[in-house]
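File shown here: protein_37.cif, holding mmCIF, N, CA and C atoms.
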data_work
#
loop_
_atom_site.label_atom_id
_atom_site.label_comp_id
_atom_site.auth_asym_id
_atom_site.auth_seq_id
_atom_site.Cartn_x
_atom_site.Cartn_y
_atom_site.Cartn_z
N MET A 14 11.42 -31.87 -14.01
CA MET A 14 10.34 -31.66 -13.07
C MET A 14 9.28 -30.79 -13.74
N ALA A 15 8.12 -31.34 -13.90
CA ALA A 15 7.04 -30.62 -14.59
C ALA A 15 6.24 -29.78 -13.60
N LEU A 16 5.88 -28.58 -14.04
CA LEU A 16 5.05 -27.70 -13.22
C LEU A 16 3.60 -28.08 -13.40
N LYS A 17 2.82 -27.96 -12.34
CA LYS A 17 1.42 -28.32 -12.40
C LYS A 17 0.54 -27.16 -12.00
N GLY A 18 -0.62 -27.09 -12.61
CA GLY A 18 -1.70 -26.18 -12.26
C GLY A 18 -1.30 -24.80 -11.79
N GLN A 19 -1.50 -24.56 -10.48
CA GLN A 19 -1.29 -23.24 -9.88
C GLN A 19 0.17 -22.80 -10.00
N GLN A 20 1.13 -23.72 -9.89
CA GLN A 20 2.54 -23.36 -10.03
C GLN A 20 2.83 -22.81 -11.42
N LEU A 21 2.24 -23.40 -12.44
CA LEU A 21 2.43 -22.95 -13.81
C LEU A 21 1.84 -21.56 -14.02
N ILE A 22 0.66 -21.32 -13.44
CA ILE A 22 0.01 -20.01 -13.56
C ILE A 22 0.85 -18.95 -12.87
N GLU A 23 1.35 -19.24 -11.66
CA GLU A 23 2.17 -18.28 -10.93
C GLU A 23 3.45 -17.95 -11.68
N LYS A 24 4.08 -18.96 -12.26
CA LYS A 24 5.33 -18.73 -12.99
C LYS A 24 5.08 -17.90 -14.25
N ALA A 25 3.98 -18.13 -14.92
CA ALA A 25 3.67 -17.41 -16.15
C ALA A 25 3.27 -15.96 -15.89
N THR A 26 2.62 -15.69 -14.74
CA THR A 26 2.14 -14.34 -14.46
C THR A 26 3.09 -13.55 -13.58
N GLN A 27 4.20 -14.11 -13.17
CA GLN A 27 5.14 -13.41 -12.30
C GLN A 27 6.01 -12.47 -13.13
N PRO A 28 5.83 -11.15 -12.99
CA PRO A 28 6.67 -10.22 -13.75
C PRO A 28 8.05 -10.07 -13.11
N ALA A 29 8.99 -9.62 -13.89
CA ALA A 29 10.35 -9.45 -13.39
C ALA A 29 10.48 -8.20 -12.52
N ASN A 30 9.62 -7.20 -12.75
CA ASN A 30 9.77 -5.93 -12.04
C ASN A 30 8.64 -5.68 -11.05
N LEU A 31 8.19 -6.71 -10.36
CA LEU A 31 7.14 -6.55 -9.35
C LEU A 31 7.69 -5.78 -8.16
N LYS A 32 7.01 -4.71 -7.77
CA LYS A 32 7.46 -3.89 -6.65
C LYS A 32 7.23 -4.65 -5.35
N ASP A 33 8.19 -4.55 -4.44
CA ASP A 33 8.11 -5.30 -3.19
C ASP A 33 7.69 -4.37 -2.06
N PHE A 34 6.45 -4.52 -1.62
CA PHE A 34 5.94 -3.81 -0.47
C PHE A 34 5.51 -4.84 0.57
N SER A 35 6.41 -5.80 0.85
CA SER A 35 6.06 -6.92 1.72
C SER A 35 5.82 -6.49 3.16
N ALA A 36 6.34 -5.33 3.57
CA ALA A 36 6.15 -4.88 4.94
C ALA A 36 4.77 -4.26 5.16
N LEU A 37 4.03 -4.05 4.09
CA LEU A 37 2.71 -3.43 4.18
C LEU A 37 1.70 -4.38 4.80
N GLN A 38 0.93 -3.89 5.80
CA GLN A 38 -0.06 -4.72 6.48
C GLN A 38 -1.32 -3.91 6.71
N PRO A 39 -2.47 -4.57 6.86
CA PRO A 39 -3.70 -3.84 7.19
C PRO A 39 -3.54 -3.10 8.50
N GLY A 40 -4.06 -1.87 8.56
CA GLY A 40 -3.94 -1.03 9.75
C GLY A 40 -2.82 -0.02 9.66
N ASP A 41 -1.91 -0.19 8.71
CA ASP A 41 -0.81 0.75 8.54
C ASP A 41 -1.32 2.06 7.94
N THR A 42 -0.78 3.16 8.43
CA THR A 42 -1.05 4.46 7.83
C THR A 42 0.05 4.72 6.82
N VAL A 43 -0.34 5.01 5.58
CA VAL A 43 0.63 5.12 4.50
C VAL A 43 0.42 6.39 3.68
N ASN A 44 1.48 6.82 3.04
CA ASN A 44 1.44 7.83 1.98
C ASN A 44 1.70 7.08 0.69
N VAL A 45 0.74 7.08 -0.23
CA VAL A 45 0.92 6.44 -1.52
C VAL A 45 1.24 7.54 -2.53
N LEU A 46 2.40 7.46 -3.16
CA LEU A 46 2.80 8.44 -4.15
C LEU A 46 2.43 7.93 -5.53
N ILE A 47 1.60 8.69 -6.23
CA ILE A 47 1.05 8.28 -7.51
C ILE A 47 1.48 9.26 -8.58
N LYS A 48 1.90 8.74 -9.73
CA LYS A 48 2.22 9.60 -10.86
C LYS A 48 0.92 9.96 -11.56
N VAL A 49 0.70 11.27 -11.73
CA VAL A 49 -0.51 11.74 -12.40
C VAL A 49 -0.06 12.52 -13.64
N LYS A 50 -0.62 12.16 -14.79
CA LYS A 50 -0.27 12.83 -16.03
C LYS A 50 -1.43 13.73 -16.43
N GLU A 51 -1.13 15.02 -16.55
CA GLU A 51 -2.12 16.00 -16.96
C GLU A 51 -1.61 16.69 -18.21
N GLY A 52 -2.16 16.32 -19.35
CA GLY A 52 -1.66 16.86 -20.61
C GLY A 52 -0.28 16.29 -20.88
N GLU A 53 0.70 17.17 -21.02
CA GLU A 53 2.07 16.73 -21.24
C GLU A 53 2.88 16.72 -19.95
N LYS A 54 2.34 17.33 -18.89
CA LYS A 54 3.06 17.40 -17.63
C LYS A 54 2.75 16.18 -16.77
N GLU A 55 3.74 15.80 -15.96
CA GLU A 55 3.56 14.69 -15.04
C GLU A 55 3.98 15.15 -13.65
N ARG A 56 3.15 14.84 -12.66
CA ARG A 56 3.44 15.24 -11.29
C ARG A 56 3.15 14.07 -10.36
N THR A 57 3.56 14.22 -9.10
CA THR A 57 3.33 13.19 -8.09
C THR A 57 2.26 13.66 -7.13
N GLN A 58 1.26 12.81 -6.92
CA GLN A 58 0.16 13.12 -6.00
C GLN A 58 0.23 12.16 -4.82
N ILE A 59 -0.04 12.66 -3.63
CA ILE A 59 0.02 11.83 -2.42
C ILE A 59 -1.39 11.48 -1.97
N PHE A 60 -1.62 10.19 -1.72
CA PHE A 60 -2.89 9.71 -1.16
C PHE A 60 -2.55 9.15 0.21
N ASN A 61 -3.02 9.80 1.28
CA ASN A 61 -2.68 9.44 2.64
C ASN A 61 -3.88 8.76 3.29
N GLY A 62 -3.68 7.57 3.87
CA GLY A 62 -4.79 6.88 4.53
C GLY A 62 -4.35 5.60 5.21
N ILE A 63 -5.33 4.79 5.60
CA ILE A 63 -5.10 3.54 6.31
C ILE A 63 -5.33 2.38 5.35
N VAL A 64 -4.42 1.42 5.36
CA VAL A 64 -4.58 0.21 4.54
C VAL A 64 -5.67 -0.63 5.18
N ILE A 65 -6.75 -0.87 4.44
CA ILE A 65 -7.83 -1.68 5.01
C ILE A 65 -7.89 -3.09 4.41
N ARG A 66 -7.13 -3.31 3.32
CA ARG A 66 -7.22 -4.64 2.70
C ARG A 66 -5.99 -4.90 1.83
N LEU A 67 -5.48 -6.12 1.91
CA LEU A 67 -4.50 -6.65 0.97
C LEU A 67 -5.18 -7.82 0.29
N GLN A 68 -5.02 -7.94 -1.02
CA GLN A 68 -5.67 -9.05 -1.69
C GLN A 68 -4.84 -9.54 -2.86
N GLY A 69 -5.10 -10.78 -3.26
CA GLY A 69 -4.43 -11.37 -4.40
C GLY A 69 -3.03 -11.83 -4.07
N ARG A 70 -2.38 -12.36 -5.11
CA ARG A 70 -0.98 -12.74 -4.98
C ARG A 70 -0.33 -12.70 -6.35
N GLY A 71 0.97 -12.64 -6.34
CA GLY A 71 1.69 -12.57 -7.60
C GLY A 71 1.45 -11.25 -8.31
N GLN A 72 1.23 -11.32 -9.60
CA GLN A 72 1.05 -10.12 -10.41
C GLN A 72 -0.27 -9.41 -10.11
N LEU A 73 -1.25 -10.13 -9.61
CA LEU A 73 -2.58 -9.57 -9.37
C LEU A 73 -2.73 -8.99 -7.97
N ARG A 74 -1.67 -8.92 -7.20
CA ARG A 74 -1.74 -8.43 -5.83
C ARG A 74 -2.07 -6.94 -5.79
N SER A 75 -2.92 -6.54 -4.84
CA SER A 75 -3.31 -5.14 -4.71
C SER A 75 -3.63 -4.83 -3.25
N PHE A 76 -3.76 -3.53 -2.95
CA PHE A 76 -4.12 -3.11 -1.60
C PHE A 76 -5.08 -1.94 -1.70
N THR A 77 -5.91 -1.78 -0.67
CA THR A 77 -6.91 -0.72 -0.63
C THR A 77 -6.59 0.21 0.53
N VAL A 78 -6.62 1.51 0.24
CA VAL A 78 -6.34 2.54 1.24
C VAL A 78 -7.58 3.39 1.41
N ARG A 79 -7.93 3.69 2.67
CA ARG A 79 -9.10 4.52 2.98
C ARG A 79 -8.65 5.79 3.68
N LYS A 80 -9.22 6.92 3.24
CA LYS A 80 -8.95 8.18 3.92
C LYS A 80 -10.26 8.93 4.08
N ILE A 81 -10.26 9.88 5.00
CA ILE A 81 -11.43 10.73 5.20
C ILE A 81 -11.13 12.06 4.49
N ALA A 82 -11.92 12.37 3.47
CA ALA A 82 -11.71 13.58 2.67
C ALA A 82 -12.48 14.75 3.30
N ALA A 83 -12.45 15.87 2.61
CA ALA A 83 -13.13 17.08 3.09
C ALA A 83 -14.62 16.81 3.29
N GLY A 84 -15.17 17.34 4.35
CA GLY A 84 -16.58 17.14 4.64
C GLY A 84 -16.87 15.82 5.34
N GLY A 85 -15.83 15.10 5.74
CA GLY A 85 -16.03 13.85 6.46
C GLY A 85 -16.45 12.69 5.58
N VAL A 86 -16.21 12.79 4.28
CA VAL A 86 -16.58 11.73 3.35
C VAL A 86 -15.43 10.74 3.24
N GLY A 87 -15.72 9.45 3.38
CA GLY A 87 -14.69 8.43 3.27
C GLY A 87 -14.40 8.12 1.81
N VAL A 88 -13.12 8.03 1.47
CA VAL A 88 -12.70 7.72 0.11
C VAL A 88 -11.78 6.51 0.16
N GLU A 89 -12.09 5.49 -0.63
CA GLU A 89 -11.25 4.30 -0.72
C GLU A 89 -10.69 4.19 -2.13
N ARG A 90 -9.44 3.78 -2.21
CA ARG A 90 -8.82 3.63 -3.51
C ARG A 90 -7.99 2.36 -3.49
N THR A 91 -8.10 1.55 -4.54
CA THR A 91 -7.37 0.30 -4.65
C THR A 91 -6.21 0.48 -5.62
N PHE A 92 -5.03 0.05 -5.18
CA PHE A 92 -3.82 0.19 -5.98
C PHE A 92 -3.23 -1.18 -6.28
N PRO A 93 -3.02 -1.53 -7.55
CA PRO A 93 -2.28 -2.75 -7.87
C PRO A 93 -0.79 -2.55 -7.55
N PHE A 94 -0.14 -3.57 -7.01
CA PHE A 94 1.27 -3.45 -6.65
C PHE A 94 2.15 -3.18 -7.86
N ASN A 95 1.79 -3.74 -9.01
CA ASN A 95 2.66 -3.60 -10.17
C ASN A 95 2.19 -2.49 -11.12
N SER A 96 1.42 -1.55 -10.63
CA SER A 96 0.94 -0.45 -11.47
C SER A 96 2.09 0.48 -11.84
N PRO A 97 2.18 0.88 -13.11
CA PRO A 97 3.24 1.82 -13.49
C PRO A 97 3.03 3.21 -12.90
N SER A 98 1.81 3.55 -12.52
CA SER A 98 1.55 4.86 -11.93
C SER A 98 1.87 4.90 -10.44
N LEU A 99 2.11 3.77 -9.82
CA LEU A 99 2.46 3.70 -8.40
C LEU A 99 3.95 3.96 -8.25
N GLU A 100 4.29 5.11 -7.67
CA GLU A 100 5.70 5.49 -7.56
C GLU A 100 6.35 4.91 -6.32
N ASN A 101 5.69 5.07 -5.15
CA ASN A 101 6.26 4.59 -3.90
C ASN A 101 5.16 4.53 -2.85
N VAL A 102 5.39 3.73 -1.81
CA VAL A 102 4.49 3.66 -0.66
C VAL A 102 5.32 3.89 0.59
N GLU A 103 5.02 4.96 1.32
CA GLU A 103 5.74 5.28 2.55
C GLU A 103 4.88 4.89 3.74
N ARG A 104 5.40 4.02 4.58
CA ARG A 104 4.66 3.60 5.77
C ARG A 104 4.98 4.57 6.89
N LEU A 105 3.94 5.23 7.42
CA LEU A 105 4.12 6.22 8.48
C LEU A 105 4.00 5.60 9.86
N THR A 106 2.94 4.81 10.06
CA THR A 106 2.74 4.13 11.34
C THR A 106 2.31 2.69 11.08
N THR A 107 2.56 1.84 12.07
CA THR A 107 2.12 0.45 12.01
C THR A 107 0.89 0.31 12.89
N GLY A 108 -0.20 -0.17 12.33
CA GLY A 108 -1.43 -0.32 13.09
C GLY A 108 -1.47 -1.62 13.86
N LYS A 109 -2.07 -1.57 15.04
CA LYS A 109 -2.22 -2.76 15.87
C LYS A 109 -3.66 -3.25 15.69
N VAL A 110 -3.85 -4.19 14.77
CA VAL A 110 -5.18 -4.71 14.48
C VAL A 110 -5.15 -6.23 14.54
N ARG A 111 -6.33 -6.82 14.71
CA ARG A 111 -6.41 -8.27 14.82
C ARG A 111 -7.22 -8.87 13.68
N ARG A 112 -7.43 -8.11 12.65
CA ARG A 112 -8.18 -8.60 11.49
C ARG A 112 -7.38 -8.30 10.23
N SER A 113 -7.66 -9.07 9.18
CA SER A 113 -6.96 -8.83 7.92
C SER A 113 -7.74 -7.89 7.01
N LYS A 114 -9.03 -7.78 7.22
CA LYS A 114 -9.88 -6.86 6.44
C LYS A 114 -10.54 -5.90 7.42
N LEU A 115 -10.29 -4.61 7.26
CA LEU A 115 -10.77 -3.62 8.22
C LEU A 115 -12.02 -2.91 7.70
N TYR A 116 -12.97 -3.67 7.21
CA TYR A 116 -14.19 -3.08 6.66
C TYR A 116 -15.03 -2.38 7.72
N TYR A 117 -14.86 -2.74 8.99
CA TYR A 117 -15.64 -2.13 10.05
C TYR A 117 -15.35 -0.64 10.19
N LEU A 118 -14.21 -0.17 9.66
CA LEU A 118 -13.88 1.26 9.72
C LEU A 118 -14.85 2.09 8.87
N ARG A 119 -15.52 1.46 7.92
CA ARG A 119 -16.46 2.18 7.06
C ARG A 119 -17.64 2.72 7.85
N ASP A 120 -18.05 2.00 8.89
CA ASP A 120 -19.22 2.39 9.67
C ASP A 120 -18.89 3.32 10.83
N LEU A 121 -17.60 3.51 11.11
CA LEU A 121 -17.19 4.34 12.24
C LEU A 121 -16.82 5.74 11.77
N SER A 122 -16.96 6.70 12.67
CA SER A 122 -16.58 8.07 12.33
C SER A 122 -15.92 8.71 13.54
N GLY A 123 -15.16 9.77 13.30
CA GLY A 123 -14.51 10.50 14.38
C GLY A 123 -13.43 9.70 15.06
N LYS A 124 -13.33 9.83 16.39
CA LYS A 124 -12.28 9.17 17.13
C LYS A 124 -12.45 7.65 17.16
N LYS A 125 -13.65 7.16 16.95
CA LYS A 125 -13.89 5.72 16.94
C LYS A 125 -13.23 5.04 15.74
N ALA A 126 -12.99 5.80 14.70
CA ALA A 126 -12.41 5.24 13.47
C ALA A 126 -10.89 5.16 13.52
N ARG A 127 -10.30 5.51 14.66
CA ARG A 127 -8.84 5.44 14.76
C ARG A 127 -8.39 4.02 15.03
N VAL A 128 -7.16 3.72 14.61
CA VAL A 128 -6.54 2.43 14.85
C VAL A 128 -5.33 2.67 15.75
N GLN A 129 -5.18 1.85 16.80
CA GLN A 129 -4.00 1.98 17.65
C GLN A 129 -2.77 1.75 16.80
N SER A 130 -1.77 2.60 16.97
CA SER A 130 -0.61 2.48 16.09
C SER A 130 0.67 2.85 16.81
N GLU A 131 1.78 2.44 16.19
CA GLU A 131 3.11 2.77 16.66
C GLU A 131 3.82 3.53 15.56
N MET A 132 4.51 4.61 15.94
CA MET A 132 5.25 5.38 14.95
C MET A 132 6.45 4.58 14.46
N ILE A 133 6.81 4.80 13.21
CA ILE A 133 7.96 4.14 12.62
C ILE A 133 9.07 5.17 12.46
N ALA A 134 10.26 4.82 12.91
CA ALA A 134 11.39 5.75 12.78
C ALA A 134 11.78 5.85 11.32
N PRO A 135 12.00 7.05 10.82
CA PRO A 135 12.41 7.19 9.42
C PRO A 135 13.78 6.58 9.20
N LYS A 136 13.96 5.99 8.01
CA LYS A 136 15.25 5.37 7.69
C LYS A 136 16.26 6.45 7.38
N ALA A 137 17.44 6.31 7.98
CA ALA A 137 18.50 7.27 7.73
C ALA A 137 19.20 6.90 6.43
N LYS A 138 19.35 7.88 5.56
CA LYS A 138 20.02 7.66 4.28
C LYS A 138 21.48 8.05 4.42
N SER A 139 22.35 7.09 4.24
CA SER A 139 23.78 7.38 4.34
C SER A 139 24.33 7.69 2.95
N GLU A 140 25.20 8.67 2.91
CA GLU A 140 25.77 9.11 1.63
C GLU A 140 26.76 8.08 1.09
N THR A 141 27.63 7.59 1.95
CA THR A 141 28.62 6.58 1.53
C THR A 141 28.50 5.38 2.43
N PRO A 142 28.53 4.19 1.85
CA PRO A 142 28.46 2.99 2.68
C PRO A 142 29.74 2.80 3.48
N ALA A 143 29.57 2.31 4.70
CA ALA A 143 30.74 2.06 5.58
C ALA A 143 31.53 0.88 5.07
N SER A 144 32.79 1.05 4.86
CA SER A 144 33.64 -0.05 4.37
C SER A 144 34.81 -0.24 5.31
N ASN A 145 34.65 -1.13 6.28
CA ASN A 145 35.70 -1.43 7.24
C ASN A 145 36.16 -2.84 7.08
#

As structure tokens - that is how I would like this structure written.
Amino acid sequence: MALKGQQLIEKATQPANLKDFSALQPGDTVNVLIKVKEGEKERTQIFNGIVIRLQGRGQLRSFTVRKIAAGGVGVERTFPFNSPSLENVERLTTGKVRRSKLYYLRDLSGKKARVQSEMIAPKAKSETPASN
């Protein structure tokens, strides 16, 4: 069975270690943990905001997070899913939105820029798996 066109491209660009953040959706409030290297030291930095866009597929997949920084300035940052500097993405709340691209949040400020959301219960980490 021969692969054709788009199937061949997807198979060639699909890495073995692609991080799976399939539960991520626009409107979600997330903490993105990023590895930052300063000189010889490496630390983890948290970028907290709302996912306003998911784009691409396969190896080229990425997402954009928007937060309001000091002074009320909006900051957007795009993260590739397979970036080596991307350590983890923690979903804090699930947003209730009806659009896939939330660009309208750029023009809103204050309470108008909020997205209706539901809190997510933190996952309980068990020390030993139950074996019955």

Find the residues around segment 84-98 of chain A up to 10 Å (only C-alpha atoms counted), leave out those fewer than 2 positions away in its own chain, and share them as number ranges by chain. A: 28, 30-34, 45-50, 57, 60, 62-82, 100-102, 118-120, 122-123

I would like the residues chosen by the PyMOL selection byres ((chain A and resi 114) around 7) on the shown file; could you give them as a PyMOL selection string? chain A and resi 39+65-67+111-113+115-117

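Here atom N of Ile59 of chain A stands at a distance of 22.2 Å from atom CA of Ser130 of chain A.
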
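Interatomic distance, atom CA of Asn44 of chain A to atom CA of Glu103 of chain A: 5.0 Å.
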
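You will find atom CA of Ser35 of chain A at 17.1 Å from atom CA of Val110 of chain A.
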
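Each of A:Arg104, A:Gln20, A:Ala83, A:Gln129 was compared to Leu37 of chain A using only N, CA and C atoms, and A:Arg104 turns out to be the nearest.
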